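The next block is upload-v3.cif, given as mmCIF, C-alpha atoms.
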data_structure
loop_
_atom_site.label_atom_id
_atom_site.label_comp_id
_atom_site.auth_asym_id
_atom_site.auth_seq_id
_atom_site.Cartn_x
_atom_site.Cartn_y
_atom_site.Cartn_z
CA MET F 169 0.00 0.00 0.00
CA ALA F 170 1.00 3.68 -0.28
CA ARG F 171 2.75 5.69 2.40
CA TRP F 172 0.60 6.59 5.38
CA THR F 173 -1.38 9.83 5.37
CA HIS F 174 -3.24 9.55 8.72
CA LEU F 175 -1.10 7.76 11.28
CA ILE F 176 -2.29 6.76 14.74
CA ARG F 177 -0.51 5.01 17.60
CA PHE F 178 -2.85 2.80 19.54
CA ILE F 179 -3.44 -0.28 21.65
CA ALA F 180 -5.29 -2.90 19.60
CA LYS F 181 -8.29 -4.87 20.84
CA GLU F 182 -7.01 -7.95 19.04
CA ASP F 183 -3.76 -8.40 21.02
CA HIS F 184 -3.68 -5.51 23.54
CA LEU F 185 -0.29 -4.38 22.18
CA VAL F 186 0.88 -0.97 20.96
CA HIS F 187 0.86 -0.54 17.17
CA LEU F 188 1.07 2.11 14.48
CA GLY F 189 -1.78 2.28 12.01
CA GLN F 190 -3.19 4.11 9.00
CA LEU F 191 -6.82 5.08 9.54
CA VAL F 192 -9.18 3.08 7.35
CA ASP F 193 -11.67 5.96 7.19
CA THR F 194 -9.66 9.17 7.02
CA THR F 195 -12.79 11.33 6.89
CA ARG F 196 -13.69 10.55 10.51
CA ASP F 197 -12.68 12.57 13.58
CA VAL F 198 -10.90 9.74 15.38
CA GLY F 199 -10.50 11.73 18.59
CA LYS F 200 -14.21 12.40 18.85
CA ASP F 201 -15.08 8.85 17.75
CA THR F 202 -12.96 7.18 20.43
CA PHE F 203 -14.38 9.51 23.09
CA GLU F 204 -17.90 8.52 22.03
CA GLY F 205 -17.02 4.82 22.03
CA LEU F 206 -17.37 4.32 18.28
CA GLU F 207 -15.36 1.61 16.58
CA VAL F 208 -12.17 2.78 14.85
CA LYS F 209 -10.24 0.60 12.41
CA ALA F 210 -6.68 1.01 11.17
CA TYR F 211 -4.36 -0.72 8.72
CA LEU F 212 -1.31 -1.99 10.56
CA ILE F 213 1.92 -0.09 9.85
CA ASN F 214 5.17 -2.02 10.06
CA GLY F 215 8.21 0.01 11.07
CA THR F 216 8.40 3.44 12.67
CA ILE F 217 6.68 6.76 12.23
CA PHE F 218 9.68 7.82 10.12
CA HIS F 219 9.94 4.67 7.99
CA GLY F 220 6.67 2.78 8.07
CA THR F 221 4.97 0.48 5.59
CA VAL F 222 1.18 0.26 5.50
CA THR F 223 -0.07 -3.33 5.33
CA ASP F 224 -3.52 -4.72 4.54
CA VAL F 225 -3.92 -6.12 8.07
CA ILE F 226 -6.74 -4.34 9.91
CA TYR F 227 -6.80 -3.85 13.68
CA THR F 228 -9.41 -2.30 15.97
CA VAL F 229 -8.48 0.55 18.29
CA GLU F 230 -8.88 -0.21 21.99
CA ARG F 231 -7.10 2.91 23.22
CA LEU F 232 -5.68 5.89 21.35
CA LEU F 233 -2.15 7.07 22.20
CA SER F 234 -0.07 10.10 21.31
CA PRO F 235 1.03 9.64 17.68
CA VAL F 236 4.60 10.43 18.77
CA SER F 237 6.07 8.39 21.61
CA ALA F 238 8.61 9.73 24.11
CA GLU F 239 11.17 7.41 22.50
CA ASP F 240 10.63 8.95 19.05
CA CYS F 241 10.69 12.53 20.36
CA ASN F 242 14.06 14.06 21.15
CA TYR F 243 13.10 17.70 21.75
CA ILE F 244 9.93 19.79 22.07
CA ARG F 245 10.33 23.35 20.76
CA CYS F 246 7.50 25.77 21.48
CA LEU F 247 6.73 29.26 20.22
CA GLY F 248 5.32 31.91 22.49
CA LEU F 249 3.29 34.89 21.32
CA ASN F 250 2.98 33.77 17.70
CA TYR F 251 -0.57 34.86 16.75
CA HIS F 252 -1.52 38.43 15.96
CA ASP F 253 -4.84 38.19 17.82
CA HIS F 254 -3.19 36.65 20.90
CA ALA F 255 -0.65 39.49 21.04
CA LYS F 256 -3.50 41.97 20.72
CA GLU F 257 -5.59 40.44 23.52
CA GLY F 258 -2.59 40.60 25.86
CA GLY F 259 -1.53 44.08 24.82
CA PHE F 260 1.89 42.85 23.71
CA ALA F 261 4.12 44.31 21.01
CA LEU F 262 4.73 41.94 18.12
CA PRO F 263 8.00 40.03 18.57
CA GLN F 264 10.81 40.70 16.10
CA VAL F 265 11.94 37.06 16.10
CA PRO F 266 10.31 33.80 17.21
CA ILE F 267 10.13 33.45 21.01
CA LEU F 268 11.33 29.97 21.93
CA PHE F 269 10.79 27.88 25.04
CA THR F 270 10.99 24.13 25.48
CA LYS F 271 9.26 21.21 27.15
CA PRO F 272 10.83 17.92 28.27
CA ARG F 273 9.69 14.61 26.81
CA ALA F 274 8.00 13.84 30.14
CA ALA F 275 5.43 16.50 29.20
CA LEU F 276 4.02 14.31 26.41
CA ALA F 277 0.56 12.89 27.10
CA ASP F 278 -2.02 10.82 25.24
CA PRO F 279 -5.53 11.74 24.08
CA TYR F 280 -8.65 10.57 25.94
CA PRO F 281 -9.02 8.45 28.02
CA ALA F 282 -5.69 9.84 29.25
CA THR F 283 -6.12 12.89 31.46
CA ILE F 284 -4.28 16.16 31.85
CA ASN F 285 -2.88 15.80 35.34
CA ILE F 286 -2.44 19.07 37.21
CA PRO F 287 0.24 18.69 39.92
CA LYS F 288 -0.23 20.26 43.34
CA CYS F 289 2.21 23.07 42.53
CA ALA F 290 -0.18 24.25 39.80
CA GLN F 291 -3.47 23.79 41.66
CA ASP F 292 -3.58 27.49 42.45
CA GLY F 293 -6.42 28.64 40.22
CA THR F 294 -4.20 29.61 37.29
CA SER F 295 -3.82 26.40 35.21
CA ASP F 296 -4.64 27.23 31.60
CA TYR F 297 -5.08 25.76 28.10
CA GLU F 298 -3.49 26.74 24.79
CA GLY F 299 -4.72 24.96 21.67
CA GLU F 300 -1.94 24.70 19.08
CA LEU F 301 -1.00 23.18 15.74
CA CYS F 302 1.90 20.77 16.23
CA ALA F 303 4.42 19.90 13.52
CA VAL F 304 6.74 16.90 13.75
CA ILE F 305 10.12 17.00 12.00
CA GLY F 306 10.71 13.92 9.85
CA LYS F 307 14.34 14.27 8.81
CA THR F 308 17.38 15.86 10.37
CA GLY F 309 18.60 19.19 9.03
CA ARG F 310 20.48 22.40 9.80
CA ASP F 311 20.47 25.89 8.27
CA ILE F 312 17.24 25.06 6.47
CA SER F 313 15.91 27.64 4.03
CA GLU F 314 12.31 28.85 4.19
CA GLU F 315 11.82 27.47 0.70
CA ASP F 316 12.79 23.95 1.80
CA ALA F 317 11.41 24.06 5.34
CA LEU F 318 8.19 22.09 4.82
CA ASP F 319 10.15 19.27 3.15
CA TYR F 320 11.43 18.44 6.65
CA VAL F 321 7.94 18.01 8.15
CA LEU F 322 6.76 14.47 8.83
CA GLY F 323 3.23 15.43 9.78
CA TYR F 324 0.82 17.59 11.75
CA THR F 325 -1.30 16.98 14.81
CA ALA F 326 -3.09 18.91 17.55
CA SER F 327 -1.56 19.85 20.88
CA ASN F 328 -2.45 21.60 24.12
CA ASP F 329 0.25 23.74 25.71
CA VAL F 330 -1.03 23.37 29.28
CA SER F 331 0.39 26.25 31.31
CA ALA F 332 0.71 27.09 35.02
CA ARG F 333 0.26 30.87 34.82
CA GLN F 334 1.31 31.78 38.35
CA LEU F 335 4.58 29.91 37.92
CA GLN F 336 4.96 31.46 34.46
CA LEU F 337 4.64 35.02 35.77
CA LEU F 338 7.36 34.51 38.37
CA THR F 339 10.12 34.40 35.75
CA ALA F 340 10.96 35.43 32.20
CA GLN F 341 11.81 31.81 31.34
CA TRP F 342 8.67 29.74 30.68
CA SER F 343 10.04 26.22 30.30
CA PHE F 344 9.30 25.16 33.88
CA SER F 345 5.76 26.54 34.08
CA LYS F 346 4.87 25.01 30.71
CA GLY F 347 6.93 21.82 31.04
CA LEU F 348 5.23 20.03 33.93
CA ASP F 349 4.56 16.32 33.53
CA GLY F 350 1.71 15.69 31.09
CA SER F 351 1.52 19.32 29.95
CA CYS F 352 1.82 18.45 26.25
CA PRO F 353 -0.98 16.13 25.12
CA LEU F 354 -0.80 15.32 21.39
CA GLY F 355 -3.25 13.75 18.98
CA PRO F 356 -5.45 12.32 17.85
CA VAL F 357 -3.75 11.57 14.51
CA LEU F 358 -0.57 12.56 12.67
CA VAL F 359 -1.54 13.87 9.23
CA SER F 360 1.05 13.87 6.45
CA PRO F 361 2.00 16.89 4.31
CA GLU F 362 0.41 15.09 1.37
CA ALA F 363 -2.96 15.56 3.11
CA ILE F 364 -2.09 19.03 4.48
CA PRO F 365 0.18 20.67 1.91
CA ASP F 366 -0.13 24.13 3.50
CA PRO F 367 -0.24 24.34 7.33
CA GLN F 368 -1.29 28.00 7.16
CA THR F 369 -4.79 27.12 5.92
CA LEU F 370 -6.29 25.50 9.03
CA SER F 371 -8.96 26.63 11.46
CA ILE F 372 -8.17 25.91 15.11
CA LYS F 373 -10.62 25.87 18.02
CA THR F 374 -10.41 25.07 21.71
CA LEU F 375 -13.53 23.95 23.54
CA TYR F 376 -13.79 24.14 27.34
CA ASN F 377 -16.67 22.06 28.71
CA ASP F 378 -18.27 22.17 25.22
CA LYS F 379 -17.96 25.99 24.93
CA VAL F 380 -15.71 27.44 22.22
CA VAL F 381 -13.06 29.53 24.00
CA GLN F 382 -10.51 29.85 21.18
CA ASP F 383 -11.50 30.30 17.53
CA GLY F 384 -8.51 31.07 15.36
CA HIS F 385 -6.77 30.27 12.10
CA THR F 386 -3.18 29.34 11.35
CA LYS F 387 -2.96 32.10 8.72
CA ASP F 388 -2.88 34.52 11.68
CA MET F 389 0.55 33.31 12.84
CA ILE F 390 3.15 36.04 13.18
CA PHE F 391 5.87 33.63 12.02
CA ASP F 392 4.56 30.90 9.75
CA LEU F 393 5.95 27.38 9.99
CA ARG F 394 8.46 27.93 7.19
CA LYS F 395 9.95 30.88 9.09
CA GLN F 396 9.94 28.94 12.38
CA ILE F 397 11.87 26.01 10.97
CA SER F 398 14.32 28.19 9.08
CA TYR F 399 15.00 30.55 11.97
CA LEU F 400 15.38 27.85 14.63
CA SER F 401 17.67 25.72 12.44
CA GLN F 402 20.28 28.48 12.11
CA GLY F 403 23.50 26.92 13.35
CA THR F 404 21.30 24.34 15.09
CA THR F 405 20.61 20.76 14.08
CA LEU F 406 16.91 19.91 14.09
CA GLU F 407 16.79 16.17 14.58
CA ALA F 408 14.08 13.90 13.24
CA GLY F 409 11.50 13.57 15.98
CA THR F 410 11.68 17.21 17.02
CA ILE F 411 8.22 18.52 17.88
CA PHE F 412 7.19 22.10 17.13
CA LEU F 413 4.31 23.69 19.04
CA THR F 414 3.55 26.65 16.80
CA GLY F 415 1.76 29.05 19.14
CA THR F 416 -1.81 29.68 20.26
CA PRO F 417 -4.53 32.05 19.01
CA ALA F 418 -6.52 34.47 21.18
CA GLY F 419 -8.85 33.19 23.86
CA ILE F 420 -6.64 31.78 26.61
CA GLY F 421 -8.32 31.51 29.99
CA TYR F 422 -6.04 33.99 31.71
CA PHE F 423 -7.24 36.89 29.56
CA LYS F 424 -10.96 36.13 29.84
CA ASP F 425 -13.29 38.03 32.15
CA PRO F 426 -14.02 36.21 34.34
CA ARG F 427 -10.89 34.09 33.96
CA VAL F 428 -11.25 30.47 32.88
CA VAL F 429 -9.21 27.94 34.84
CA LEU F 430 -8.70 24.22 34.29
CA GLN F 431 -10.54 22.52 37.15
CA ASP F 432 -10.64 18.90 38.25
CA GLY F 433 -13.08 16.99 36.01
CA ASP F 434 -13.19 19.57 33.20
CA ASP F 435 -13.38 18.58 29.53
CA ILE F 436 -10.87 20.36 27.25
CA ARG F 437 -10.63 19.84 23.48
CA VAL F 438 -8.45 21.18 20.67
CA LYS F 439 -10.06 20.84 17.24
CA ILE F 440 -8.04 21.53 14.09
CA GLU F 441 -9.31 21.38 10.53
CA LYS F 442 -8.21 18.24 8.62
CA ILE F 443 -6.76 16.75 11.83
CA GLY F 444 -9.65 16.25 14.24
CA THR F 445 -10.16 16.69 17.95
CA LEU F 446 -7.70 16.17 20.79
CA VAL F 447 -9.89 15.33 23.79
CA ASN F 448 -8.77 15.23 27.42
CA ASN F 449 -10.34 15.44 30.84
CA VAL F 450 -8.56 17.31 33.61
CA ARG F 451 -7.52 15.58 36.81
CA TYR F 452 -5.95 17.16 39.88
CA ASP F 453 -3.11 15.09 41.31
CA THR F 454 -3.53 14.11 44.94
CA ARG F 455 0.12 13.15 45.50
#
Rewrite the structure from the file as structure tokens, please.
Amino acid sequence: MARWTHLIRFIAKEDHLVHLGQLVDTTRDVGKDTFEGLEVKAYLINGTIFHGTVTDVIYTVERLLSPVSAEDCNYIRCLGLNYHDHAKEGGFALPQVPILFTKPRAALADPYPATINIPKCAQDGTSDYEGELCAVIGKTGRDISEEDALDYVLGYTASNDVSARQLQLLTAQWSFSKGLDGSCPLGPVLVSPEAIPDPQTLSIKTLYNDKVVQDGHTKDMIFDLRKQISYLSQGTTLEAGTIFLTGTPAGIGYFKDPRVVLQDGDDIRVKIEKIGTLVNNVRYDTR
């Protein structure tokens, strides 16, 4: 069969093992379907997310996982303040260059039924969501031109840059406040550039307890993905497996009146055109 276009990582009902698969029905919103308990089928992929072969063997999804495992991810690069409307809502001047912070691999989390776990240090009434387009680098490169930048992309998925605002405001460096365990859920599916040739053409929404709280579009990025990859590869090797979180549009909870805060038991969803819906519930750690 042809190269995958809609890759999922999942536990199969047939053998209860972790597999990679190509969605049989690529028109479905697999994140929403698994949340609603609908049956999801996938063609088994042999190999890795970087070098995988789609077979004609069909498995049934028991549980959906992040399309990128911690083992396949070597670095999570995140952009702050990268949407015009988000800068406007916060009263910030537009940045002259991309603002970079990072998350550790331990921040990666799965879609529903996995939860976003808020640790005790962030249970202070300031935990927040940020719906974002995520790009995964598929081949290693350095000093990449804007013209060639998208040739290095393996695929696109949805992400939630879960943020502890009180911790964030204590320092100019955001990596700690945005890098807590489980603060980077990804999913539900990794969509290839063949299916999304232009990442600047996608609507992006975040829903908090079924209410739309972010309603943006990737065309509103201050630095588009080509510029991000080119700028951040200057003198720097971007390895295959690098994850880019490309920024969030307006509507974060911190700037709402009254403020919106992630509470124990909440439902939070990031829905991106041509990708589907990343669904998670929120759980407050008791440790």
Just the residues within 6 Å of stretch 184-191 of chain F, please, counting all atoms listed in the file, with nothing from its chain fewer than 6 positions along; format it as a PDB file with C-alpha atoms, in the coordinates of the input.
ATOM      1  CA  TRP F 172       0.600   6.590   5.380  1.00  0.00           C
ATOM      2  CA  HIS F 174      -3.240   9.550   8.720  1.00  0.00           C
ATOM      3  CA  LEU F 175      -1.100   7.760  11.280  1.00  0.00           C
ATOM      4  CA  ILE F 176      -2.290   6.760  14.740  1.00  0.00           C
ATOM      5  CA  ARG F 177      -0.510   5.010  17.600  1.00  0.00           C
ATOM      6  CA  PHE F 178      -2.850   2.800  19.540  1.00  0.00           C
ATOM      7  CA  ALA F 210      -6.680   1.010  11.170  1.00  0.00           C
ATOM      8  CA  TYR F 211      -4.360  -0.720   8.720  1.00  0.00           C
ATOM      9  CA  LEU F 212      -1.310  -1.990  10.560  1.00  0.00           C
ATOM     10  CA  ILE F 213       1.920  -0.090   9.850  1.00  0.00           C
TER      11      ILE F 213
END
- Message: Just checking: using all atoms listed in the file, which residue out of F:Asn242, F:Gln382, F:Thr454, F:Asn377 ends up closest to F:Lys271?
- Response: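 For F:Lys271, the nearest of the candidates is F:Asn242.
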- Resolved residues for the PyMOL selection byres ((chain F and resi 360) around 8) as a PyMOL selection string: chain F and resi 172-174+322-324+358-359+361-364
- Around (5.0, 31.1, 34.7) in the file's frame, which residues reach within 12 Å when counting all atoms listed in the file? Return as a PyMOL selection string? chain F and resi 269+289-290+294-296+330-348+422
Could you write out the selected residues, including C-alpha atoms, as a PDB file, in the frame of the given file?
ATOM      1  CA  PHE F 269      10.790  27.880  25.040  1.00  0.00           C
ATOM      2  CA  CYS F 289       2.210  23.070  42.530  1.00  0.00           C
ATOM      3  CA  ALA F 290      -0.180  24.250  39.800  1.00  0.00           C
ATOM      4  CA  THR F 294      -4.200  29.610  37.290  1.00  0.00           C
ATOM      5  CA  SER F 295      -3.820  26.400  35.210  1.00  0.00           C
ATOM      6  CA  ASP F 296      -4.640  27.230  31.600  1.00  0.00           C
ATOM      7  CA  VAL F 330      -1.030  23.370  29.280  1.00  0.00           C
ATOM      8  CA  SER F 331       0.390  26.250  31.310  1.00  0.00           C
ATOM      9  CA  ALA F 332       0.710  27.090  35.020  1.00  0.00           C
ATOM     10  CA  ARG F 333       0.260  30.870  34.820  1.00  0.00           C
ATOM     11  CA  GLN F 334       1.310  31.780  38.350  1.00  0.00           C
ATOM     12  CA  LEU F 335       4.580  29.910  37.920  1.00  0.00           C
ATOM     13  CA  GLN F 336       4.960  31.460  34.460  1.00  0.00           C
ATOM     14  CA  LEU F 337       4.640  35.020  35.770  1.00  0.00           C
ATOM     15  CA  LEU F 338       7.360  34.510  38.370  1.00  0.00           C
ATOM     16  CA  THR F 339      10.120  34.400  35.750  1.00  0.00           C
ATOM     17  CA  ALA F 340      10.960  35.430  32.200  1.00  0.00           C
ATOM     18  CA  GLN F 341      11.810  31.810  31.340  1.00  0.00           C
ATOM     19  CA  TRP F 342       8.670  29.740  30.680  1.00  0.00           C
ATOM     20  CA  SER F 343      10.040  26.220  30.300  1.00  0.00           C
ATOM     21  CA  PHE F 344       9.300  25.160  33.880  1.00  0.00           C
ATOM     22  CA  SER F 345       5.760  26.540  34.080  1.00  0.00           C
ATOM     23  CA  LYS F 346       4.870  25.010  30.710  1.00  0.00           C
ATOM     24  CA  GLY F 347       6.930  21.820  31.040  1.00  0.00           C
ATOM     25  CA  LEU F 348       5.230  20.030  33.930  1.00  0.00           C
ATOM     26  CA  TYR F 422      -6.040  33.990  31.710  1.00  0.00           C
TER      27      TYR F 422
END
- Which residue out of F:Gly415, F:Gly215, F:Gly403, F:Gly293 has the minimum interatomic distance to F:Asn250 when all atoms listed in the file are used?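 Among F:Gly415, F:Gly215, F:Gly403, F:Gly293, it is F:Gly415 that comes nearest to F:Asn250.
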- Task: Apply the PyMOL selection byres ((chain F and resi 376) around 12) to the structure shown and report the selected residues as an MDAnalysis selection string.
- Result: chainID F and resid 296:299 373:375 377:383 419:421 428:431 433:439 446:450
- Just so the selection is clear, what residues does the PyMOL selection byres ((chain F and resi 394) around 8) cover here, as a PyMOL selection string? chain F and resi 314-318+391-393+395-398
- Query: What lies within 8 Å of F:Ile244 using only C-alpha atoms, ignoring chain neighbours under 3 positions off, as JSON, numbers by chain?
  - Reply: {"F": [241, 270, 271, 272, 273, 410, 411, 412, 413]}
For F:Val229, work out the shell of residues within 8 Å, counting only C-alpha atoms and skipping chain neighbours fewer than 4 positions away, then give it as an mmCIF file with C-alpha atoms, in the frame of the given file.
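Done, and the output landed in out.cif:
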data_model
loop_
_atom_site.group_PDB
_atom_site.id
_atom_site.type_symbol
_atom_site.label_atom_id
_atom_site.label_comp_id
_atom_site.auth_asym_id
_atom_site.auth_seq_id
_atom_site.Cartn_x
_atom_site.Cartn_y
_atom_site.Cartn_z
ATOM 1 C CA PHE F 178 -2.850 2.800 19.540
ATOM 2 C CA ILE F 179 -3.440 -0.280 21.650
ATOM 3 C CA ALA F 180 -5.290 -2.900 19.600
ATOM 4 C CA LYS F 181 -8.290 -4.870 20.840
ATOM 5 C CA GLU F 207 -15.360 1.610 16.580
ATOM 6 C CA VAL F 208 -12.170 2.780 14.850
ATOM 7 C CA LYS F 209 -10.240 0.600 12.410
ATOM 8 C CA ALA F 210 -6.680 1.010 11.170
#
- Item | Option closest in space to F:Ile284, from F:Gln368, F:Leu354, F:Lys442, F:Gly258 [counting only C-alpha atoms] |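 So, comparing all the options, the nearest one is F:Leu354.
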- Between atom CA of F:Val198 and atom CA of F:Thr223 - distance in Å to one decimal: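 Going from atom CA of F:Thr223 over to atom CA of F:Val198, I get 19.7 Å.
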- Item | Contacts of F:Tyr251 at 8 Å (only C-alpha atoms; same-chain gap of 4+ positions) as number ranges by chain | F: 255, 388-390, 415-418
- Message: So that I can check the surroundings of F:Lys307, please list as an MDAnalysis selection string every protein, DNA and RNA residue that reaches within 9 Å of it, counting all atoms listed in the file and ignoring chain neighbours fewer than 3 positions away.
- Response: chainID F and resid 218 319:322 406:409
- Would you mind reading off the distance between atom CA of F:Val192 and atom CA of F:Ile226, one decimal, in Å?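 The value is 8.2 Å.
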- Query: Mind pulling up the distance from atom CA of F:Ala275 to atom CA of F:Pro365?
  - Reply: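 Those two atoms sit 28.1 Å apart.
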- Message: Please determine, counting all atoms listed in the file, which residue among F:Phe423, F:Glu300, F:Val357, F:Thr404 has the shortest atom-to-atom distance to F:Thr194.
- Response: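 So, comparing all the options, the nearest one is F:Val357.
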- Shortest interatomic distance to F:Thr325 - which of F:Cys302, F:Leu262, F:Ile312, F:Leu232, counting all atoms listed in the file: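 The closest residue to F:Thr325 is F:Cys302.
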